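Working notes, structure below.
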Number of protein chains: 2
Amino acid sequence: MAQRTEISTLGEFGLIDRLTAGFTPHNASTLRGPGDDCAVLSYPDSRVLVTTDMLMEGVHFDLVYTPLKHLGYKAAMVNLSDVFAMNGRPRQLLVSIAVGRRTCIEDLDELYAGMRLACDKYGVDIVGGDTTSSVTGLALSITCIGEAPADEVVGRDGAKDTDLICVSGNLGAAYMGLRIMEREKMVFESQRGGSETLAQPDFAGKEYLIERLLKPEARGDIISALHEAGIRPTAMIDISDGLSSELMHICRRSNVGCRLYEEHIPLDYQTAVAAEEFNLNVTTCALNGGEDYELLFTVPLTDHERVSRLDDVRIVGHITRPELGSILVTRDGQEFALKAQGWNPLKED
Amino acid sequence: MAQRTEISTLGEFGLIDRLTAGFTPHNASTLRGPGDDCAVLSYPDSRVLVTTDMLMEGVHFDLVYTPLKHLGYKAAMVNLSDVFAMNGRPRQLLVSIAVGRRTCIEDLDELYAGMRLACDKYGVDIVGGDTTSSVTGLALSITCIGEAPADEVVGRDGAKDTDLICVSGNLGAAYMGLRIMEREKMVFESQRGGSETLAQPDFAGKEYLIERLLKPEARGDIISALHEAGIRPTAMIDISDGLSSELMHICRRSNVGCRLYEEHIPLDYQTAVAAEEFNLNVTTCALNGGEDYELLFTVPLTDHERVSRLDDVRIVGHITRPELGSILVTRDGQEFALKAQGWNPLKED
């Protein structure tokens with residue numbers, strides 16, 4: 001039986017001391033970490049990039065099948081991903097947590113352990129935050145601060161006619177992982193109170209999809225590879241809401257159109273198998289399934305050779321003049337207007 | 001009847017467009033605001049100060065008596081206050097909001113109007129954030145970014161033996177405002193379903209206390225006054241959890257003791273009257289009542305004359321060697337060890 005210590009035994013400041021114990025900054029830009037009204041940073045030679053994300057229990061995660069350590073890891077990675085998507089390097093994280101009465105100190109230790117793991121991977125310092133209570137579920141709000149040299153910041157608004165559209169990794173896997181987890185949860189819940197021995201969920205052959213959902217990796221490696229290859233994307237965004245929605249963000253902000261080729265959309269074998277099992281079109285899953293946290297970027301046509309040599313990057317289409325619209329070209333050569341049907345937490349069911 | 005438009009009619013991006021419409025930066029440090037993966041800032045010549053706060057419905061605010069515009073104003077001010085407490089100037093704000101189904105677009109407009117009002121007062125830019133949904137109540141998470149010249153940052157850790165302890169404004173008023181609001185809420189709820197005409201709450205003579213609770217003001221004016229008077233505090237903190245708790249933070253971080261004189265603690269007349277009405281010791285309210293957002297700071301003894309000339313600043317005691325402890329000297333000359341009994345959202349009731 002896991003130990004369970006009530007948070008009230010430590011109090012707010014005791015808890016903060018415990019969670020921030022042993023703080024030693026990795027970055028020269030981190031002058032002061034937790035323990036004052038503000039953290040103090042120094043960025044004399046770079047642009048400062050800031051981004052924030054809020055994760056709510058019951059909306060963004062389900063604690064039934066999300067271990068707290070994974071949740072912490074993912075919550076941090078999602079924010080690092082936003083900094084990478086500007087062609088920057090993440091440096092500091094601020095972490096706010098609101099916990100309900102069900103949460104004990106060991107739970108917070110796990111959550112923090114996951115965040116630290118993600119931060120250590122990219123040398124990011126947790127410099128502050130807020131720890132408070134919630135009358136209901138767990139709420140997480142993370143702010144990430146990063147940097148990029150002034151002339152290397154890449155927004156969503158720089159894509160130009162004839163640019164190549166590129167995607168890292170593969171798409172739709174996290175969404176299939178979510179469908180599998182939701183299905184197993186239903187099976188589990190329908191068995192509750194029934195037979196004494198519960199059937200254990202069988203994830204054999206689907207480990208990759210589950211991992212993509214529960215432990216996404218921000219693509220800092222792609223940013224490094226682009227840098228080493230001397231490629232500066234003209235526009236970039238991370239794919240949190242599905243390829244279709246993100247590509248349309250770039251088109252709208254850059255005032256361009258696009259042609260996306262279905263046959264080039266990168267898919268993993270397990271994603272295709274699972275889509276078939278669920279009777280779903282795998283392209284639709286890649287276009288509209290969220291949470292892959294891959295990078296979508298555009299590069300000038302002249303970078304064609306250089307970008308083709310990159311590992312784990314695929315050219316999926318090209319940018320056009322705005323009046324040509326945002327077009328998906330299917331395997332059989334039909335053309336459809338892209339729609340942004342990405343996951344929307346503000347949509348009524 | 002107020003208009004009520006469901007958030008689903010706009011969708012996430014429509015909503016963001018509406019809330020961030022007409023964004024024009026006030027600060028040279030704000031290079032890019034909302035609309036990309038990150039906001040882009042530039043701080044070549046200053047230290048960057050970052051702070052974050054999370055406010056949860058049912059814990060930090062009660063929508064029964066908190067108008068959303070006031071909530072937005074307060075949520076912003078509380079974060080600006082943290083930047084002032086480092087002797088800095090707030091420049092940018094990131095705003096994350098999670099809303100339940102009860103919340104409509106007009107509610108968010110109000111919340112944003114309040115935040116804008118607070119930001120406009122100090123020329124702060126709202127550069128980004130996150131807007132999502134909650135299965136239950138409203139959750140707000142705000143991150144503020146500010147700056148200060150490298151040699152002007154003031155932490156909690158610089159107080160020295162013989163320094164004077166100073167407080168701006170007056171204390172305990174917000175706590176008395178809270179008690180009044182909680183009382184009126186109880187009266188209101190006990191009448192519900194009873195007589196047809198509800199007694200209207202009577203706040204006559206208590207307007208100041210209510211305002212201190214619902215519309216706190218971060219003390220940027222004091223920071224300016226200190227600057228103009230050529231006074232550099234040795235340590236500073238804003239009073240969010242009560243004078244006693246905050247003074248003990250300074251003592252702990254600076255490794256010093258203190259003597260605080262009850263007779264010098266600044267109180268407003270309305271606070272004293274209300275404390276009597278509630279049969280509370282007004283000094284206890286000032287020591288342990290939270291949310292005043294006044295500044296507590298220490299200055300060298302040599303600044304005695306200069307600090308005495310400042311408007312709305314009172315000297316309440318002095319710093320001592322650590323072995324002398326943290327002492328409250330009462331009006332009748334008795335001495336008590338200070339206790340940090342400030343409001344603690346993580347304490348069991």
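All residue names refer to the structure tokens as shown: chains lettered A, B, ... in order, residues numbered from 1 in each chain, ligands numbered from 1 in order.
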Which residues of chain A have any atom within 7 Å of an atom in chain B when counting only C-alpha atoms, and what is the closest pair of atoms for each, with the distance in Å to one decimal? Order the rows by chain and rising number and write it as CSV.
```
residue,atom,partner,partner_atom,distance
A:Ile7,CA,B:Leu346,CA,6.9
A:Ser8,CA,B:Lys347,CA,5.0
A:Gly11,CA,B:Leu346,CA,6.1
A:Glu12,CA,B:Leu346,CA,5.9
A:Asp36,CA,B:Arg156,CA,6.3
A:Asp37,CA,B:Asp82,CA,5.1
A:Cys38,CA,B:Thr51,CA,4.7
A:Ala39,CA,B:Val50,CA,5.3
A:Val40,CA,B:Leu49,CA,4.8
A:Leu41,CA,B:Val48,CA,4.7
A:Ser42,CA,B:Arg47,CA,5.0
A:Tyr43,CA,B:Tyr43,CA,6.0
A:Pro44,CA,B:Pro44,CA,3.8
A:Asp45,CA,B:Pro44,CA,6.0
A:Arg47,CA,B:Ser42,CA,5.0
A:Val48,CA,B:Leu41,CA,4.7
A:Leu49,CA,B:Val40,CA,4.8
A:Val50,CA,B:Cys38,CA,5.1
A:Thr51,CA,B:Cys38,CA,4.7
A:Thr52,CA,B:Gly129,CA,5.6
A:Asp53,CA,B:Asp130,CA,5.6
A:Met54,CA,B:Ser96,CA,6.5
A:Met56,CA,B:Ser134,CA,6.1
A:Gly58,CA,B:Val135,CA,6.3
A:Val59,CA,B:Ser134,CA,6.4
A:Asp82,CA,B:Asp37,CA,5.1
A:Val83,CA,B:Cys38,CA,6.5
A:Ala85,CA,B:Asp37,CA,6.5
A:Met86,CA,B:Asp37,CA,6.6
A:Ser96,CA,B:Met54,CA,6.5
A:Gly129,CA,B:Thr52,CA,5.6
A:Asp130,CA,B:Asp53,CA,5.6
A:Thr132,CA,B:Pro345,CA,5.9
A:Ser133,CA,B:Leu346,CA,5.8
A:Ser134,CA,B:Met56,CA,6.2
A:Val135,CA,B:Gly58,CA,6.3
A:Ser141,CA,B:Ser141,CA,6.6
A:Gly155,CA,B:Asp36,CA,6.4
A:Arg156,CA,B:Asp36,CA,6.3
A:Ile237,CA,B:Asp37,CA,6.7
A:Asn344,CA,B:Glu12,CA,6.7
A:Pro345,CA,B:Ser133,CA,5.8
A:Leu346,CA,B:Ser133,CA,5.8
A:Lys347,CA,B:Ser8,CA,4.9
A:Glu348,CA,B:Ser8,CA,5.9
```
To test your reading of the structure, identify every residue in segment 15-112 of chain B that backbone DSSP assigns to strand (DSSP E or B), and report it as a ChimeraX atom specification. /B:30-32,39-57,61,89-99
Assign secondary structure with DSSP using the backbone only, and return the residues of segment 117-231 of chain A in helix (DSSP H, G or I) as a PyMOL selection string. chain A and resi 117-121+150-152+173-191+207-214+220-228
Counting only C-alpha atoms, which residues of segment 181-259 of chain B fall within 7 Å of segment 159-170 of chain B, and what is the closest atom pair for each with its distance in Å at one decimal, ordered by chain and rising number, as JSON lines?
```
{"residue": "B:Thr234", "atom": "CA", "partner": "B:Ala159", "partner_atom": "CA", "distance": 5.2}
{"residue": "B:Ala235", "atom": "CA", "partner": "B:Ala159", "partner_atom": "CA", "distance": 5.2}
{"residue": "B:Ser254", "atom": "CA", "partner": "B:Ala159", "partner_atom": "CA", "distance": 5.5}
{"residue": "B:Val256", "atom": "CA", "partner": "B:Asp161", "partner_atom": "CA", "distance": 6.8}
```
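If you look at atom CA of Ile315 of chain B and atom CA of Ser224 of chain B, they are 18.1 Å away from each other.
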Can you tell me which residues surround Leu111 of chain B at a distance of at most 12 Å, considering only C-alpha atoms, apart from same-chain residues fewer than 2 positions away, and format the answer as JSON, numbers by chain? {"B": [19, 63, 66, 67, 68, 69, 70, 71, 72, 73, 74, 75, 76, 95, 96, 97, 99, 103, 104, 105, 106, 107, 108, 109, 113, 114, 115, 116, 117, 118, 138, 139, 140]}
Saved selection, atoms kept: N, CA, C and O atoms, as a CSV table (one decimal), in the first residue's frame:
```csv
chain,number,residue,atom,x,y,z
B,19,LEU,N,-11.3,38.1,-27.4
B,19,LEU,CA,-10.7,38.6,-26.2
B,19,LEU,C,-9.4,39.4,-26.4
B,19,LEU,O,-9.1,40.2,-25.6
B,63,LEU,N,-18.2,33.7,-6.5
B,63,LEU,CA,-18.9,34.5,-7.5
B,63,LEU,C,-20.3,35.0,-7.0
B,63,LEU,O,-20.9,35.9,-7.7
B,66,THR,N,-18.7,38.3,-5.9
B,66,THR,CA,-17.6,38.9,-6.7
B,66,THR,C,-18.0,39.1,-8.1
B,66,THR,O,-18.1,38.2,-8.9
B,67,PRO,N,-18.2,40.4,-8.5
B,67,PRO,CA,-18.5,40.6,-9.9
B,67,PRO,C,-17.3,40.2,-10.8
B,67,PRO,O,-16.1,40.4,-10.3
B,68,LEU,N,-17.5,39.7,-12.0
B,68,LEU,CA,-16.4,39.2,-12.8
B,68,LEU,C,-15.4,40.2,-13.2
B,68,LEU,O,-14.2,40.0,-13.3
B,69,LYS,N,-15.9,41.4,-13.3
B,69,LYS,CA,-15.0,42.5,-13.7
B,69,LYS,C,-14.0,42.8,-12.5
B,69,LYS,O,-12.8,43.0,-12.7
B,70,HIS,N,-14.5,42.8,-11.3
B,70,HIS,CA,-13.7,42.9,-10.1
B,70,HIS,C,-12.7,41.8,-10.0
B,70,HIS,O,-11.5,41.9,-9.7
B,71,LEU,N,-13.2,40.6,-10.3
B,71,LEU,CA,-12.3,39.4,-10.2
B,71,LEU,C,-11.1,39.5,-11.2
B,71,LEU,O,-10.0,39.2,-10.8
B,72,GLY,N,-11.4,40.0,-12.4
B,72,GLY,CA,-10.4,40.1,-13.4
B,72,GLY,C,-9.4,41.2,-12.9
B,72,GLY,O,-8.1,41.0,-13.0
B,73,TYR,N,-9.9,42.3,-12.4
B,73,TYR,CA,-9.0,43.4,-11.9
B,73,TYR,C,-8.1,42.9,-10.8
B,73,TYR,O,-6.9,43.1,-10.8
B,74,LYS,N,-8.7,42.2,-9.8
B,74,LYS,CA,-8.0,41.7,-8.7
B,74,LYS,C,-6.9,40.6,-9.1
B,74,LYS,O,-5.8,40.7,-8.7
B,75,ALA,N,-7.3,39.7,-10.0
B,75,ALA,CA,-6.4,38.7,-10.4
B,75,ALA,C,-5.2,39.3,-11.1
B,75,ALA,O,-4.0,38.8,-10.9
B,76,ALA,N,-5.4,40.3,-11.8
B,76,ALA,CA,-4.2,41.0,-12.5
B,76,ALA,C,-3.4,41.8,-11.4
B,76,ALA,O,-2.2,41.6,-11.3
B,95,VAL,N,-2.6,35.2,-19.5
B,95,VAL,CA,-3.8,34.9,-18.8
B,95,VAL,C,-4.4,33.5,-19.2
B,95,VAL,O,-4.7,33.4,-20.4
B,96,SER,N,-4.5,32.6,-18.3
B,96,SER,CA,-5.2,31.3,-18.6
B,96,SER,C,-6.5,31.3,-17.8
B,96,SER,O,-6.5,31.6,-16.6
B,97,ILE,N,-7.5,30.9,-18.5
B,97,ILE,CA,-8.8,30.8,-17.9
B,97,ILE,C,-9.4,29.4,-18.3
B,97,ILE,O,-9.4,29.0,-19.4
B,99,VAL,N,-13.2,27.6,-17.9
B,99,VAL,CA,-14.5,28.0,-17.6
B,99,VAL,C,-15.5,26.8,-17.6
B,99,VAL,O,-15.3,25.9,-18.4
B,103,THR,N,-20.6,29.6,-17.6
B,103,THR,CA,-19.9,30.8,-18.1
B,103,THR,C,-20.3,31.1,-19.5
B,103,THR,O,-20.1,30.3,-20.4
B,104,CYS,N,-20.7,32.4,-19.8
B,104,CYS,CA,-21.0,32.7,-21.2
B,104,CYS,C,-19.9,33.8,-21.7
B,104,CYS,O,-19.1,34.2,-20.9
B,105,ILE,N,-20.0,34.1,-23.0
B,105,ILE,CA,-19.1,35.0,-23.5
B,105,ILE,C,-19.1,36.4,-22.8
B,105,ILE,O,-18.0,37.0,-22.6
B,106,GLU,N,-20.3,36.9,-22.5
B,106,GLU,CA,-20.3,38.2,-21.8
B,106,GLU,C,-19.6,38.1,-20.5
B,106,GLU,O,-19.0,39.2,-20.1
B,107,ASP,N,-19.7,37.0,-19.8
B,107,ASP,CA,-18.9,36.9,-18.5
B,107,ASP,C,-17.4,37.0,-18.8
B,107,ASP,O,-16.7,37.7,-18.0
B,108,LEU,N,-16.9,36.4,-19.8
B,108,LEU,CA,-15.5,36.5,-20.1
B,108,LEU,C,-15.1,37.9,-20.5
B,108,LEU,O,-14.0,38.4,-20.2
B,109,ASP,N,-16.0,38.6,-21.3
B,109,ASP,CA,-15.8,40.0,-21.6
B,109,ASP,C,-15.6,40.8,-20.4
B,109,ASP,O,-14.7,41.7,-20.3
B,113,ALA,N,-12.3,42.7,-19.2
B,113,ALA,CA,-12.4,44.2,-19.0
B,113,ALA,C,-11.8,44.6,-17.7
B,113,ALA,O,-11.0,45.6,-17.6
B,114,GLY,N,-12.0,43.8,-16.7
B,114,GLY,CA,-11.4,44.0,-15.4
B,114,GLY,C,-9.9,43.9,-15.4
B,114,GLY,O,-9.1,44.7,-14.9
B,115,MET,N,-9.4,42.9,-16.1
B,115,MET,CA,-7.9,42.7,-16.3
B,115,MET,C,-7.3,43.8,-17.0
B,115,MET,O,-6.2,44.3,-16.7
B,116,ARG,N,-8.0,44.2,-18.1
B,116,ARG,CA,-7.5,45.3,-18.9
B,116,ARG,C,-7.4,46.6,-18.1
B,116,ARG,O,-6.4,47.4,-18.3
B,117,LEU,N,-8.4,46.8,-17.3
B,117,LEU,CA,-8.4,48.1,-16.5
B,117,LEU,C,-7.2,48.1,-15.6
B,117,LEU,O,-6.5,49.1,-15.5
B,118,ALA,N,-6.9,47.0,-15.0
B,118,ALA,CA,-5.7,46.9,-14.1
B,118,ALA,C,-4.4,47.0,-14.9
B,118,ALA,O,-3.5,47.8,-14.5
B,138,LEU,N,-14.8,28.0,-12.2
B,138,LEU,CA,-13.9,28.9,-12.9
B,138,LEU,C,-12.5,28.8,-12.3
B,138,LEU,O,-12.3,28.8,-11.1
B,139,ALA,N,-11.5,28.7,-13.1
B,139,ALA,CA,-10.1,28.7,-12.7
B,139,ALA,C,-9.3,29.7,-13.5
B,139,ALA,O,-9.5,29.8,-14.7
B,140,LEU,N,-8.5,30.5,-12.8
B,140,LEU,CA,-7.7,31.5,-13.4
B,140,LEU,C,-6.3,31.4,-13.0
B,140,LEU,O,-6.0,31.2,-11.9
```
Mind pulling up the distance from atom CA of Ile16 of chain A to atom CA of Asn87 of chain B?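 Interatomic distance here is 23.4 Å.
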Tell me which protein, DNA and RNA residues are within 8 Å of segment 304-311 of chain A, counting only C-alpha atoms, leaving out same-chain ones fewer than 3 positions away, and put them as a list in words.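 The residues that qualify are Leu164, Ala225, Leu226, Ala229, Ile231, Val299, Pro300, Leu301, Arg314 and Ile315 of chain A.
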Leaving out Arg179 of chain B and any residue of its chain fewer than 5 positions from it, which residues lie within 10 Å of it when counting only C-alpha atoms, given as an mmCIF file with C-alpha atoms, in the first residue's frame?
```cif
data_model
loop_
_atom_site.group_PDB
_atom_site.id
_atom_site.type_symbol
_atom_site.label_atom_id
_atom_site.label_comp_id
_atom_site.auth_asym_id
_atom_site.auth_seq_id
_atom_site.Cartn_x
_atom_site.Cartn_y
_atom_site.Cartn_z
ATOM 1 C CA ALA B 173 -9.317 46.096 5.828
ATOM 2 C CA ALA B 174 -9.651 43.392 3.139
ATOM 3 C CA GLU B 184 -24.296 39.175 4.084
ATOM 4 C CA LYS B 185 -24.129 36.014 2.009
ATOM 5 C CA LEU B 209 -13.646 47.614 3.405
ATOM 6 C CA ILE B 210 -15.647 46.059 0.557
ATOM 7 C CA LEU B 213 -11.556 43.145 -0.674
ATOM 8 C CA ALA B 274 -15.925 46.503 11.911
ATOM 9 C CA ALA B 275 -13.537 44.469 14.086
ATOM 10 C CA PHE B 278 -17.416 41.206 14.878
#
```
Looking at only C-alpha atoms, which of A:Leu214, A:Ile126, A:Val316, A:Val78 is the one that sits closest to Pro25 of chain A?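 Ranking A:Leu214, A:Ile126, A:Val316, A:Val78 by distance to Pro25 of chain A, first place goes to A:Ile126.
Each of A:Arg232, A:Tyr175, A:Gly220, A:Glu277 was checked against Asp151 of chain A using only C-alpha atoms; the smallest atom-to-atom distance is that of A:Arg232.
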Write out as number ranges by chain the residues lying within 7 Å of Glu291 of chain A, counting only C-alpha atoms and excluding same-chain residues fewer than 2 positions away. A: 174, 239-241, 293
Would you output that residue set with N, CA and C atoms, as a PDB file, in the first residue's frame?
```pdb
ATOM      1  N   ALA A 174      -1.244   9.483 -30.911  1.00  0.00           N
ATOM      2  CA  ALA A 174      -1.740   9.849 -29.578  1.00  0.00           C
ATOM      3  C   ALA A 174      -3.265   9.730 -29.534  1.00  0.00           C
ATOM      4  N   ILE A 239       2.084  20.530 -33.352  1.00  0.00           N
ATOM      5  CA  ILE A 239       0.792  19.922 -33.692  1.00  0.00           C
ATOM      6  C   ILE A 239       0.130  19.407 -32.424  1.00  0.00           C
ATOM      7  N   SER A 240      -0.670  20.260 -31.804  1.00  0.00           N
ATOM      8  CA  SER A 240      -1.384  19.835 -30.602  1.00  0.00           C
ATOM      9  C   SER A 240      -2.843  19.527 -30.911  1.00  0.00           C
ATOM     10  N   ASP A 241      -3.400  20.146 -31.940  1.00  0.00           N
ATOM     11  CA  ASP A 241      -4.828  19.972 -32.247  1.00  0.00           C
ATOM     12  C   ASP A 241      -5.089  19.229 -33.554  1.00  0.00           C
ATOM     13  N   TYR A 293       2.128  16.527 -30.696  1.00  0.00           N
ATOM     14  CA  TYR A 293       3.265  17.412 -30.366  1.00  0.00           C
ATOM     15  C   TYR A 293       4.448  17.241 -31.303  1.00  0.00           C
TER      16      TYR A 293
END
```
Nearest residue to Arg212 of chain B from the set B:Thr271, B:Glu228, B:Val313, B:Glu263 (distances using only C-alpha atoms):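 Going through B:Thr271, B:Glu228, B:Val313, B:Glu263 one by one, the smallest distance to Arg212 of chain B is for B:Thr271.
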Write out as a PyMOL selection string the residues lying within 6 Å of Gly317 of chain B, counting only C-alpha atoms and excluding same-chain residues fewer than 4 positions away. chain B and resi 165+259-261
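Taking atom CA of Gly123 of chain A and atom CA of Asn27 of chain A as endpoints, the distance between them is 7.4 Å.
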